[in-house]
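Some notes on the structure that comes next.
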2 protein chains.
Amino acid sequence: MTRTEENYIKTIFHLGGNQSQLISTNAIAEQMQTKPSSVTDMAKKLTEKNLLNYIRYQGVSLTDLGIKTALSIIRKHRLWEVFLVKKLDFTWDEVHEVAEQLEHIKSEKLIDKIDELLDFPKYDPHGDPIPSKNGDFQERDKQLLSELKTGNQGICVGVKDTSATFLKFLDKNNIALGNSIQVIEKEDFDMSMRVKVEGRNLQLSNQVSTNLYVKVLESN
Amino acid sequence: MTRTEENYIKTIFHLGGNQSQLISTNAIAEQMQTKPSSVTDMAKKLTEKNLLNYIRYQGVSLTDLGIKTALSIIRKHRLWEVFLVKKLDFTWDEVHEVAEQLEHIKSEKLIDKIDELLDFPKYDPHGDPIPSKNGDFQERDKQLLSELKTGNQGICVGVKDTSATFLKFLDKNNIALGNSIQVIEKEDFDMSMRVKVEGRNLQLSNQVSTNLYVKVLESN
DNA sequence: ACAAATTTTTAGATTTGTCTAAATTTTAAT
DNA sequence: ATTAAAATTTAGACAAATCTAAAAATTTGT
């Protein structure tokens with residue numbers, strides 16, 4: 001498998017092509033910064049290799065083999081991210097670009113040893129779950145901060161937007177995964193909300209609250 | 001720089017193209033398992049990029065920029081080898097293949113942090129020196145075991161042949177870098193020699209003694 | 001249901017890195 | 001100093017991954 005092929009498989013997975021949902025060549029092209037015609041060519045090629053199901057004019061979905069392949073790449077990507085943060089003191093906004101390269105290194109032993117070195121982490125620095133060696137992983141029980149009701153309390157467990165600008169914004173406001181967060185007041189006008197993060201009062205815009213995942217603590 | 005270009009630069013360095021010595025397209029092709037005509041094409045391309053000096057029908061040598069580039073790649077390769085052995089328990093015969101991939105990862109911060117994590121090692125698992133960040137490195141004072149005279153004593157400091165078969169042979173015979181070694185007797189007939197390695201007697205063929213580097217301990 | 005707009009595919013071209021076969025240059029031998 | 005042998009380059013072709021422009025299919029609006 002070439003690096004390009006792996007990137008297609010990974011992108012299709014992230015667009016939902018694992019739920020036997022058909023993903024359009026247009027959507028893939030947009031995500032990958034390429035043209036729909038290029039996607040069509042690759043769709044044919046990957047179908048030939050039994051990684052995709054492709055229906056002309058409809059879109060593609062991943063086969064079982066395709067899903068397995070995608071999970072393997074995602075596992076590598078997320079483990080490398082943990083490695084960079086835990087062992088090399090990278091910040092969570094610096095890891096993505098490098099992990100994009102490292103995820104393509106071909107050595108089963110290497111990634112298993114990295115997994116072991118990190119003591120088999122379950123989540124990456126952005127709170128996303130890391131598939132196990134045999135490909136299973138459970139999405140954490142979480143919801144967007146914006147979905148919480150006034151008074152609800154939770155723990156920050158992940159981010160939806162993983163861009164450096166958003167992550168740095170969170171750093172600057174001392175919001176980190178694991179922090180407790182409580183909704184004090186929601187503003188109908190602009191959907192912003194006042195929250196308490198680890199005891200500190202903050203005003204967060206809708207843009208922020210729709211990109212921060214929390215695990216709700218049941219009040220009773 | 002593409003991965004292929006980097007591999008050409010690295011190969012030319014190893015063939016001596018740093019000493020402003022001209023390396024033939026034939027020699028490069030043989031080393032890289034490709035055809036001389038392909039090398040010619042790449043020679044033109046890399047000359048265009050100011051990495052090579054190329055004289056038609058004569059060969060190529062590295063420019064200053066080419067040497068700097070080669071040293072950067074070799075630095076990465078050797079640091080990754082140390083990482084694999086020291087942090088992930090790879091054996092010295094397993095590291096080459098994986099390091100060939102890792103050496104192409106583009107991130108200055110990454111390799112500097114790996115260097116730091118390893119506490120700035122000077123030599124890789126095969127005894128080869130690791131260029132510093134600014135590109136200087138000194139070849140260790142060493143000679144082939146085969147060059148020693150009867151009675152000479154030394155320390156194993158490196159291998160010339162880094163193939164898995166040779167390295168496993170050394171493992172099997174409990175010969176490791178850092179071991180003391182003394183020449184007991186040299187056989188004129190087949191150039192084999194009887195040696196004492198850390199007190200144990202061994203008979204080594206010429207093939208072995210011409211691939212093991214030692215640092216001679218001056219008798220007086 | 002049909003025309004217009006949108007999406008997708010096809011056809012043909014481009015770039016990178018490679019190859020084979022033929023032509024050219026250099027080296028070696030007498 | 002020629003000629004034969006060896007090494008090197010050129011010319012033309014190919015595969016992978018991409019693009020643009022045109023054609024075809026699908027979706028949408030009325």
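Each chain in the structure tokens gets a letter, A, B, ..., in the order shown, and its residues are numbered from 1; ligands are numbered from 1 in order too.
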
DT30 in chain C surroundings by only C-alpha atoms (C1' of nucleotides), 12 Å radius, close-in-sequence under 6 positions cut, as a VMD selection string: chain D and resid 1 to 4

Could the residues in this selection be saved with C-alpha atoms (C1' of nucleotides) as a compact mmCIF listing (two decimals), in the first residue's frame?
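Written file, part-v9.txt:
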# COMPACT_ATOMS: atom_id res chain seq x y z
C1' DA D 1 47.33 4.83 -32.92
C1' DT D 2 43.57 1.97 -33.89
C1' DT D 3 40.25 -1.02 -32.53
C1' DA D 4 37.60 -3.69 -29.23

Taking only C-alpha atoms (C1' of nucleotides) into account, find every residue of chain C that has an atom no more than 9 Å from chain A, and write it out as a list in words.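 Within 9 Å of chain A on chain C, we get DT7, DT8, DT9 and DT10 of chain C.
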
All strand (DSSP E) positions in range 47-121 of chain B, as JSON, numbers by chain: {"B": [52, 53, 54, 55, 59, 60, 61, 62]}

Please identify every residue of chain A that has at least one atom no more than 9 Å from any atom of chain D, counting only C-alpha atoms (C1' of nucleotides), and report them as a PyMOL selection string. chain A and resi 4+34-35+37-38+42+57

Hey, which bits of chain B sit within 9 Å of chain A, and for each residue what's the closest pair of atoms and how far apart in Å (one decimal), counting only C-alpha atoms, rows by chain and increasing number, as a tab-separated table?
residue	atom	partner	partner_atom	distance
B:Leu84	CA	A:Leu110	CA	8.1
B:Lys87	CA	A:Leu117	CA	7.9
B:Leu88	CA	A:Lys113	CA	5.8
B:Asp89	CA	A:Lys113	CA	8.2
B:Phe90	CA	A:Leu110	CA	8.7
B:Val98	CA	A:Ser107	CA	6.8
B:Gln101	CA	A:Ile105	CA	6.4
B:Leu102	CA	A:Ile105	CA	7.1
B:Ile105	CA	A:Gln101	CA	6.4
B:Lys106	CA	A:Val98	CA	7.5
B:Ser107	CA	A:Val98	CA	6.9
B:Lys109	CA	A:Phe90	CA	8.9
B:Leu110	CA	A:Leu88	CA	7.7
B:Lys113	CA	A:Leu88	CA	5.8
B:Ile114	CA	A:Leu88	CA	7.1
B:Glu116	CA	A:Leu88	CA	8.7
B:Leu117	CA	A:Leu88	CA	7.3

What residues in range 139-168 of chain B get the DSSP label helix (DSSP H, G or I)? Please answer as a list of chain:residue names. B:Leu145, B:Ser146, B:Glu147, B:Ala164, B:Thr165, B:Phe166, B:Leu167, B:Lys168

If you measure from CA of Val157 in chain B to CA of Leu144 in chain B, what distance in Å do you get, rounded to one decimal?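 Distance reported for this atom pair: 9.9 Å.
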
Who sits within 8 Å of Leu79 in chain A, only C-alpha atoms (C1' of nucleotides), same chain under 3 positions skipped, as a PyMOL selection string: chain A and resi 75-76+82-83+111+114-115+121+124+130
